[in-house]
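See below for final-v1.csv, which holds CSV, C-alpha atoms.
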chain,number,residue,atom,x,y,z
W,14,MET,CA,-136.3,0.6,66.0
W,15,LYS,CA,-137.6,3.7,67.9
W,16,LYS,CA,-135.2,3.1,70.7
W,17,ASN,CA,-132.3,2.8,68.3
W,18,LEU,CA,-133.2,6.1,66.7
W,19,LEU,CA,-133.3,7.8,70.1
W,20,VAL,CA,-130.0,6.3,71.0
W,21,ILE,CA,-128.3,7.6,67.8
W,22,PHE,CA,-129.9,11.0,68.3
W,23,THR,CA,-128.7,11.2,71.9
W,24,ILE,CA,-125.1,10.1,71.1
W,25,ILE,CA,-124.8,12.6,68.2
W,26,SER,CA,-126.3,15.6,70.0
W,27,VAL,CA,-124.5,15.0,73.3
W,28,THR,CA,-121.1,14.3,71.6
W,29,ALA,CA,-121.5,17.4,69.5
W,30,ILE,CA,-122.1,19.7,72.5
W,31,TYR,CA,-119.3,18.0,74.5
W,32,LEU,CA,-116.7,18.5,71.7
W,33,PHE,CA,-117.9,22.1,71.3
W,34,VAL,CA,-117.3,22.8,75.0
W,35,GLN,CA,-113.9,21.1,74.9
W,36,ASN,CA,-112.7,22.6,71.7
W,37,ASN,CA,-114.2,26.1,72.0
W,38,ASP,CA,-111.5,27.2,74.4
W,39,LYS,CA,-112.4,30.8,74.9
W,40,SER,CA,-109.4,31.2,77.2
W,41,ALA,CA,-106.9,30.5,74.4
W,42,ILE,CA,-105.3,33.9,74.3
W,43,ILE,CA,-102.7,34.0,71.5
W,44,GLU,CA,-99.3,35.4,71.9
W,45,THR,CA,-98.1,36.9,68.6
W,46,GLU,CA,-94.5,36.0,68.2
W,47,ASN,CA,-93.7,38.8,65.7
W,48,SER,CA,-94.9,41.7,67.8
W,49,GLY,CA,-94.6,40.2,71.3
W,50,GLU,CA,-98.1,41.6,72.1
W,51,LEU,CA,-101.2,39.8,73.3
W,52,ASP,CA,-103.8,39.3,70.7
W,53,TYR,CA,-107.4,38.3,70.9
W,54,GLN,CA,-109.3,35.5,69.2
W,55,HIS,CA,-113.0,35.1,68.2
W,56,ASP,CA,-115.5,32.5,69.2
W,57,VAL,CA,-117.7,30.6,66.8
W,58,THR,CA,-120.0,33.6,66.5
W,59,GLY,CA,-117.3,35.9,65.5
W,60,LYS,CA,-117.5,37.8,68.8
W,61,LYS,CA,-114.3,39.1,70.4
W,62,VAL,CA,-113.5,37.1,73.5
W,63,ALA,CA,-110.7,39.1,74.9
W,64,LYS,CA,-109.2,42.6,74.3
W,65,LYS,CA,-105.5,43.3,74.2
W,66,ASN,CA,-105.5,45.7,77.2
W,67,GLU,CA,-107.9,43.6,79.4
W,68,THR,CA,-105.9,40.3,79.7
W,69,LEU,CA,-103.6,41.3,82.5
W,70,SER,CA,-102.6,44.2,84.7
W,71,VAL,CA,-99.0,45.5,84.8
W,72,SER,CA,-98.0,47.4,87.9
W,73,ASP,CA,-95.5,49.7,86.3
W,74,ASP,CA,-97.0,53.2,86.7
W,75,LYS,CA,-94.9,54.5,83.9
W,76,LEU,CA,-96.8,52.3,81.3
W,77,GLU,CA,-99.1,54.3,79.2
W,78,HIS,CA,-102.7,53.1,78.6
W,79,SER,CA,-102.3,53.3,74.9
W,80,ARG,CA,-99.2,51.1,74.8
W,81,HIS,CA,-99.5,47.3,74.8
W,82,PRO,CA,-97.3,45.4,77.3
W,83,THR,CA,-94.1,44.0,76.0
W,84,LEU,CA,-93.4,40.3,75.9
W,85,GLU,CA,-91.1,40.7,78.9
W,86,GLU,CA,-93.7,42.4,80.9
W,87,VAL,CA,-96.3,39.8,80.0
W,88,GLU,CA,-94.0,37.0,81.1
W,89,SER,CA,-93.2,38.7,84.4
W,90,ALA,CA,-96.9,38.8,85.2
W,91,LYS,CA,-97.4,35.1,84.8
W,92,ILE,CA,-98.3,32.7,87.6
W,93,PRO,CA,-96.1,29.6,88.2
W,94,TYR,CA,-97.8,26.3,87.3
W,95,GLU,CA,-97.6,25.3,90.9
W,96,GLY,CA,-99.4,28.5,91.9
W,97,ASP,CA,-103.1,29.5,92.1
W,98,TRP,CA,-103.7,30.1,88.4
W,99,CYS,CA,-107.1,30.0,86.6
W,100,ILE,CA,-107.0,30.7,82.9
W,101,ARG,CA,-104.1,28.8,81.4
W,102,GLY,CA,-103.9,30.9,78.2
W,103,VAL,CA,-103.6,34.1,80.3
W,104,ASP,CA,-101.9,33.1,83.5
W,105,LEU,CA,-99.2,30.7,82.5
W,106,SER,CA,-95.9,31.2,80.7
W,107,LYS,CA,-95.4,29.6,77.3
W,108,GLN,CA,-93.4,26.8,78.9
W,109,ASP,CA,-96.0,26.2,81.7
W,110,LEU,CA,-98.8,26.4,79.1
W,111,LEU,CA,-97.3,23.6,77.1
W,112,PHE,CA,-96.8,21.5,80.3
W,113,ALA,CA,-100.4,22.2,81.3
W,114,LYS,CA,-101.7,21.1,77.9
W,115,GLN,CA,-99.8,17.8,78.2
W,116,GLU,CA,-101.0,17.2,81.7
W,117,SER,CA,-104.6,17.9,80.5
W,118,LYS,CA,-104.1,15.4,77.6
W,119,ASP,CA,-102.8,12.7,80.0
W,120,TRP,CA,-105.7,13.3,82.5
W,121,ALA,CA,-108.2,13.0,79.6
W,122,GLU,CA,-106.7,9.6,78.7
W,123,LYS,CA,-106.6,8.4,82.3
W,124,ARG,CA,-110.4,8.9,82.7
W,125,SER,CA,-111.3,7.5,79.3
W,126,ASN,CA,-112.1,10.9,77.7
W,127,ILE,CA,-111.2,9.6,74.3
W,128,TRP,CA,-113.5,10.0,71.3
W,129,LEU,CA,-113.2,8.4,67.9
W,130,ASN,CA,-112.5,10.9,65.1
W,131,ARG,CA,-115.6,11.2,63.0
W,132,GLN,CA,-116.5,13.1,59.8
W,133,ASP,CA,-118.4,16.4,60.3
W,134,PHE,CA,-121.1,17.7,58.1
W,135,LYS,CA,-118.5,19.0,55.7
W,136,GLY,CA,-116.9,15.6,55.3
W,137,ASP,CA,-113.8,16.6,57.3
W,138,TYR,CA,-112.5,14.4,60.1
W,139,THR,CA,-112.3,15.7,63.6
W,140,ASN,CA,-109.0,15.8,65.4
W,141,ASN,CA,-110.0,14.7,68.9
W,142,LYS,CA,-107.6,14.5,71.8
W,143,ASN,CA,-105.9,11.1,72.2
W,144,ALA,CA,-108.1,9.7,69.3
W,145,GLU,CA,-105.0,8.0,67.8
W,146,MET,CA,-105.1,5.5,70.7
W,147,LEU,CA,-108.4,4.1,69.4
W,148,GLU,CA,-107.4,3.9,65.7
W,149,PRO,CA,-106.3,0.3,65.8
W,150,TYR,CA,-109.8,-0.6,67.1
W,151,ARG,CA,-111.9,1.5,64.8
W,152,GLU,CA,-112.2,-0.9,61.9
W,153,MET,CA,-111.4,-4.1,63.9
W,154,ASN,CA,-113.6,-7.1,63.3
W,155,LYS,CA,-116.5,-7.1,65.7
W,156,ASP,CA,-115.7,-10.5,67.2
W,157,ASP,CA,-112.1,-9.6,67.6
W,158,LEU,CA,-112.9,-6.4,69.3
W,159,LEU,CA,-115.3,-8.1,71.7
W,160,GLU,CA,-112.7,-10.8,72.5
W,161,ILE,CA,-110.1,-8.3,73.6
W,162,SER,CA,-112.6,-6.1,75.3
W,163,TYR,CA,-113.5,-9.1,77.6
W,164,GLN,CA,-109.8,-9.3,78.4
W,165,ASP,CA,-110.0,-5.8,80.0
W,166,ASP,CA,-108.4,-3.9,77.1
W,167,ARG,CA,-109.5,-0.4,78.0
W,168,TYR,CA,-109.1,1.1,74.6
W,169,ALA,CA,-111.1,-1.8,73.1
W,170,MET,CA,-114.0,-1.2,75.5
W,171,ILE,CA,-113.9,2.6,75.0
W,172,THR,CA,-114.1,2.0,71.2
W,173,ALA,CA,-116.9,-0.6,71.6
W,174,ILE,CA,-119.1,1.9,73.5
W,175,GLN,CA,-118.8,4.2,70.5
W,176,ARG,CA,-119.4,1.7,67.7
W,177,LYS,CA,-122.8,1.2,66.3
W,178,ASP,CA,-122.4,-2.5,65.6
W,179,ILE,CA,-122.1,-3.3,69.3
W,180,SER,CA,-125.3,-4.0,71.1
W,181,TRP,CA,-126.7,-1.7,73.8
W,182,GLU,CA,-126.5,-4.3,76.5
W,183,ILE,CA,-122.8,-5.0,75.8
W,184,ARG,CA,-122.0,-1.3,75.8
W,185,ASN,CA,-123.6,-1.0,79.2
W,186,LYS,CA,-121.6,-4.0,80.4
W,187,PHE,CA,-118.4,-2.4,79.3
W,188,ALA,CA,-119.4,0.9,80.8
W,189,ASN,CA,-119.8,-0.8,84.2
W,190,ARG,CA,-116.5,-2.6,83.8
W,191,LEU,CA,-114.7,0.7,82.9
W,192,LEU,CA,-116.2,2.3,86.0
W,193,ILE,CA,-114.6,-0.4,88.2
W,194,LEU,CA,-111.3,0.1,86.5
W,195,GLY,CA,-111.4,3.8,87.4
W,196,ASP,CA,-112.6,5.3,84.2
W,197,THR,CA,-115.4,7.9,84.3
W,198,THR,CA,-115.9,9.8,81.1
W,199,MET,CA,-116.9,7.0,78.7
W,200,SER,CA,-118.5,4.8,81.3
W,201,LEU,CA,-120.7,7.5,82.7
W,202,PHE,CA,-121.5,8.8,79.2
W,203,GLN,CA,-122.9,5.4,78.3
W,204,LEU,CA,-124.8,4.9,81.6
W,205,VAL,CA,-126.3,8.4,81.5
W,206,THR,CA,-127.3,8.0,77.8
W,207,ASN,CA,-129.0,4.7,78.7
W,208,GLU,CA,-131.1,6.4,81.4
W,209,VAL,CA,-131.9,9.3,79.1
W,210,VAL,CA,-133.2,7.0,76.4
W,211,GLU,CA,-135.3,5.0,78.8
W,212,VAL,CA,-136.8,8.2,80.2
W,213,ARG,CA,-137.7,9.5,76.7
W,214,LEU,CA,-139.4,6.2,75.8
W,215,ALA,CA,-141.3,6.0,79.1
W,216,PHE,CA,-142.4,9.7,78.9
W,217,ALA,CA,-143.6,9.2,75.3
W,218,LYS,CA,-146.0,6.6,76.6
W,219,THR,CA,-147.3,8.2,79.8
W,220,GLU,CA,-146.7,12.0,79.1
W,221,LYS,CA,-146.4,12.4,82.9
W,222,VAL,CA,-143.7,12.0,85.5
W,223,THR,CA,-144.2,8.5,86.9
W,224,PRO,CA,-142.2,7.1,89.9
W,225,ASP,CA,-140.1,5.1,87.5
W,226,ILE,CA,-139.2,8.2,85.5
W,227,LYS,CA,-138.4,10.1,88.6
W,228,GLN,CA,-136.1,7.3,89.8
W,229,ARG,CA,-134.3,7.3,86.5
W,230,LEU,CA,-133.8,11.1,86.8
W,231,ILE,CA,-132.3,10.5,90.2
W,232,ASN,CA,-130.1,7.8,88.6
W,233,ILE,CA,-128.9,10.3,86.0
W,234,LEU,CA,-128.1,12.9,88.6
W,235,SER,CA,-126.3,10.3,90.7
W,236,TYR,CA,-124.0,9.5,87.8
W,237,VAL,CA,-123.5,13.2,87.1
W,238,SER,CA,-122.6,13.8,90.8
W,239,TYR,CA,-120.3,10.8,90.9
W,240,GLY,CA,-118.5,12.2,87.8
W,241,ILE,CA,-118.2,15.6,89.6
W,242,SER,CA,-116.7,13.9,92.7
W,243,ARG,CA,-114.0,12.5,90.4
W,244,TYR,CA,-113.4,15.9,88.7
W,245,ASP,CA,-114.9,14.7,85.5
W,246,SER,CA,-117.2,17.3,83.8
W,247,MET,CA,-118.4,15.0,81.0
W,248,PRO,CA,-121.6,13.8,82.7
W,249,LEU,CA,-122.4,17.4,83.7
W,250,ILE,CA,-121.9,18.6,80.2
W,251,GLN,CA,-124.0,15.8,78.9
W,252,TYR,CA,-126.9,16.5,81.3
W,253,VAL,CA,-126.8,20.3,80.8
W,254,SER,CA,-126.9,19.7,77.1
W,255,THR,CA,-129.8,17.4,77.5
W,256,MET,CA,-131.7,20.0,79.6
W,257,ARG,CA,-131.0,22.7,77.0
W,258,HIS,CA,-132.0,20.8,73.9
W,259,ASP,CA,-134.6,18.4,75.1
W,260,LYS,CA,-138.0,19.8,76.2
W,261,ILE,CA,-138.8,16.8,78.3
W,262,PHE,CA,-135.7,17.3,80.5
W,263,GLY,CA,-135.7,21.1,80.3
W,264,GLU,CA,-139.3,21.6,81.2
W,265,LYS,CA,-141.2,18.5,82.3
W,266,LEU,CA,-138.2,17.0,84.2
W,267,ASP,CA,-136.6,20.2,85.6
W,268,PRO,CA,-135.1,18.7,88.8
W,269,ASN,CA,-136.1,21.9,90.8
W,270,HIS,CA,-139.7,21.1,90.0
W,271,VAL,CA,-139.6,17.3,90.2
W,272,LEU,CA,-137.2,16.5,93.0
W,273,SER,CA,-137.5,17.2,96.7
W,274,ALA,CA,-134.8,18.0,99.2
W,275,GLN,CA,-135.0,14.4,100.3
W,276,ASP,CA,-134.3,13.2,96.7
W,277,TYR,CA,-131.2,15.4,96.5
W,278,GLU,CA,-130.0,13.8,99.8
W,279,GLN,CA,-130.6,10.4,98.2
W,280,ILE,CA,-128.4,11.4,95.2
W,281,LYS,CA,-125.6,12.2,97.7
W,282,VAL,CA,-126.1,8.8,99.3
W,283,ASN,CA,-126.1,7.2,95.9
W,284,VAL,CA,-122.7,8.8,95.1
W,285,GLN,CA,-121.3,7.2,98.2
W,286,ASP,CA,-122.9,3.9,97.4
W,287,ILE,CA,-121.4,3.9,93.8
W,288,ALA,CA,-117.9,4.6,95.3
W,289,ARG,CA,-118.4,1.9,97.9
W,290,GLN,CA,-119.6,-0.7,95.5
W,291,ILE,CA,-116.7,0.1,93.1
W,292,ASP,CA,-114.2,-0.3,96.0
W,293,GLU,CA,-115.7,-3.7,97.0
W,294,LEU,CA,-115.4,-5.0,93.5
W,295,ARG,CA,-111.8,-3.6,93.1
W,296,SER,CA,-110.8,-5.2,96.4
W,297,LYS,CA,-111.8,-8.6,95.1
W,298,GLU,CA,-109.3,-8.0,92.2
W,299,ASN,CA,-106.6,-6.7,94.6
W,300,LEU,CA,-107.0,-3.1,93.2
W,301,ILE,CA,-106.5,-0.1,95.4
W,302,PRO,CA,-109.6,1.9,96.5
W,303,ILE,CA,-110.9,4.3,94.0
W,304,SER,CA,-110.2,7.2,96.4
W,305,ASP,CA,-106.5,6.3,96.5
W,306,ILE,CA,-106.2,6.9,92.7
W,307,ASP,CA,-104.3,10.2,92.3
W,308,VAL,CA,-106.3,13.1,90.9
W,309,PRO,CA,-103.7,15.4,89.3
W,310,ASN,CA,-103.7,19.2,89.9
W,311,ILE,CA,-104.7,19.8,86.3
W,312,ALA,CA,-108.0,18.0,87.0
W,313,ASN,CA,-109.3,20.9,89.1
W,314,TYR,CA,-108.3,23.5,86.5
W,315,ASP,CA,-109.8,21.5,83.6
W,316,PHE,CA,-113.0,21.1,85.6
W,317,GLN,CA,-113.2,24.8,86.4
W,318,ARG,CA,-112.6,25.6,82.8
W,319,SER,CA,-115.5,23.3,81.7
W,320,VAL,CA,-117.8,24.7,84.3
W,321,SER,CA,-116.9,28.3,83.3
W,322,ILE,CA,-117.7,27.6,79.6
W,323,LEU,CA,-121.0,26.0,80.7
W,324,TYR,CA,-121.9,29.1,82.7
W,325,LEU,CA,-121.0,31.2,79.6
W,326,GLU,CA,-123.2,29.1,77.4
W,327,TYR,CA,-125.9,27.9,79.8
W,328,GLY,CA,-125.7,30.1,82.8
W,329,GLN,CA,-129.4,29.8,83.8
W,330,ILE,CA,-129.3,26.0,83.8
W,331,MET,CA,-126.1,25.9,85.8
W,332,ASP,CA,-127.7,28.2,88.4
W,333,ARG,CA,-130.5,25.7,88.7
W,334,LEU,CA,-128.2,22.8,89.5
W,335,GLN,CA,-126.6,24.1,92.7
W,336,ASP,CA,-128.3,21.4,94.8
W,337,LEU,CA,-125.9,18.9,93.2
W,338,ASN,CA,-123.0,20.3,95.1
W,339,LEU,CA,-121.3,17.6,97.3
W,340,GLU,CA,-119.5,18.0,100.6
W,341,THR,CA,-116.3,17.0,98.9
W,342,GLY,CA,-114.8,17.5,95.5
W,343,PRO,CA,-115.1,20.5,93.1
W,344,SER,CA,-118.1,22.9,93.4
W,345,LEU,CA,-120.6,24.0,90.7
W,346,GLU,CA,-120.8,27.4,92.3
W,347,ARG,CA,-119.6,30.6,90.6
W,348,SER,CA,-116.1,30.4,92.1
W,349,ASN,CA,-113.7,33.3,91.7
W,350,CYS,CA,-112.1,31.5,88.7
W,351,VAL,CA,-115.5,31.0,87.1
W,352,LYS,CA,-116.4,34.6,87.7
W,353,ARG,CA,-113.1,35.7,86.1
W,354,TYR,CA,-113.8,33.5,83.0
W,355,VAL,CA,-117.3,35.0,82.6
W,356,GLU,CA,-116.1,38.6,83.1
W,357,LEU,CA,-113.3,38.2,80.6
W,358,PHE,CA,-115.1,36.2,77.9
W,359,GLY,CA,-118.8,36.9,78.5
So that I can check it, write out the structure of this file as structure tokens.
Amino acid sequence: MKKNLLVIFTIISVTAIYLFVQNNDKSAIIETENSGELDYQHDVTGKKVAKKNETLSVSDDKLEHSRHPTLEEVESAKIPYEGDWCIRGVDLSKQDLLFAKQESKDWAEKRSNIWLNRQDFKGDYTNNKNAEMLEPYREMNKDDLLEISYQDDRYAMITAIQRKDISWEIRNKFANRLLILGDTTMSLFQLVTNEVVEVRLAFAKTEKVTPDIKQRLINILSYVSYGISRYDSMPLIQYVSTMRHDKIFGEKLDPNHVLSAQDYEQIKVNVQDIARQIDELRSKENLIPISDIDVPNIANYDFQRSVSILYLEYGQIMDRLQDLNLETGPSLERSNCVKRYVELFG
């Protein structure tokens, strides 16, 4: 019973912070059709996140500081989608912005970043990206859902992991299967949640960091790092959220205090082992290696966006996780793009 309560708390808290990070797009600068001027919007605290005259620089010396740029001037300052842009709501034209949003939606589906719509505390249903794909499975009979899940129906497995009437063991099984199929978000969410719950239960008994607890922390960070290697920020968001809201992980299990340089090297080895084991299993099913699966360009921009928002909300924690940087894949460092986000919206 205690484990079930911990599981429910973990899923609710982590899902909430994930959806906040994904939906609180502080880069969503609004272009007002009537005036042709850039406007600003507010974040959840009511704080202005961008000022009209700070969103871009126009090179025309004749422009007066007191005058807002015209729509034509704004469009001419945009960066092509194929170029080196950073903040989509600022850098891209309207047409490219729509294209980027569709690419982002497709990339979310490809990595199983699909969450069931749920009621919030006001009784209103959320409108999660791609959630309509799971609607046929939401109220499906449990036995029917399991039957098609075991037939490798991705949406069925993604739904099963989020349904309370599916056992924890079966959810873990589906998570591992999704990982083999190339999915990362929902599979790693489940596997990280499983380790987090086990750590909480173990620490409640011992109130000290045992070798088993330390190993589970290494497992968690290995999953997080594997997600990063595949340009999936979900495991990172999940872990940062756990560190921020759980004293056990934020204080007693701060990796900078618990783990050694050798442990971090082991995490990097574990990431390679995860990829190797996945490829071995995929090979038996005549599936291409995981590294041959195309990662679209939008993946890097979406990752940078998530990392930037994490720095805005949890900068100190992010600074403490720099040892998780891998030799390949995206970085957790304060890149120029991240710095730009923080400067513009901080």
**OP:** Write out as a list in words each polymer residue whose atoms come within 10 Å of Ala188 in chain W, counting all atoms listed in the file; drop sequence neighbours fewer than 2 positions from it.
**Re:**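 Here the qualifying residues turn out to be Met170, Ile171, Ala173, Ile174, Glu182, Ile183, Arg184, Asn185, Lys186, Arg190, Leu191, Leu192, Ile193, Leu194, Asp196, Thr197, Thr198, Met199, Ser200, Leu201, Phe202, Gln203 and Leu204 of chain W.
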Subject >> Residues near Val355 in chain W, cut-off 12 Å, only C-alpha atoms, skip fewer than 3 positions along chain, as a count of residues only >> reply: 25
Subject >> Contacts of Asp166 in chain W within 12 Å, all atoms listed in the file, excl. fewer than 3 positions in-chain, as a count of residues only >> reply: 20
Subject >> W:Arg289, W:Arg131, W:Arg243, W:Arg124 ranked by distance to Pro302 in chain W, top pick (using only C-alpha atoms) >> reply: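 Checking each candidate against Pro302 in chain W, we get W:Arg289 as the closest.
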Subject >> Coordinates-based distance that separates CA of Asn269 in chain W from CA of Gln335 in chain W (Å, one decimal) >> reply: 9.9 Å
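Proximity to Ser242 in chain W at 7 Å, evaluated using all atoms listed in the file and with sequence-adjacent residues fewer than 3 positions away removed, yields Ser238, Tyr239, Thr341, Gly342 and Pro343 of chain W.
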Subject >> Which of W:Leu234, W:Lys142, W:Ala121, W:Pro149 sits closest to Glu278 in chain W [using all atoms listed in the file] >> reply: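 Of the candidates, the smallest distance to Glu278 in chain W is held by W:Leu234.
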**OP:** Using all atoms listed in the file, find all polymer residues with an atom at most 10 Å away from the point (-116.8, -1.8, 93.4); report them as a PyMOL selection string.
**Re:** chain W and resi 189-190+192-195+286-298+300+302-303
Subject >> Nearest residue to Lys227 in chain W from the set W:Leu214, W:Met153, W:Val271, W:Val282 (distances using only C-alpha atoms) >> reply: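 Selected residue with least distance to Lys227 in chain W: W:Val271.
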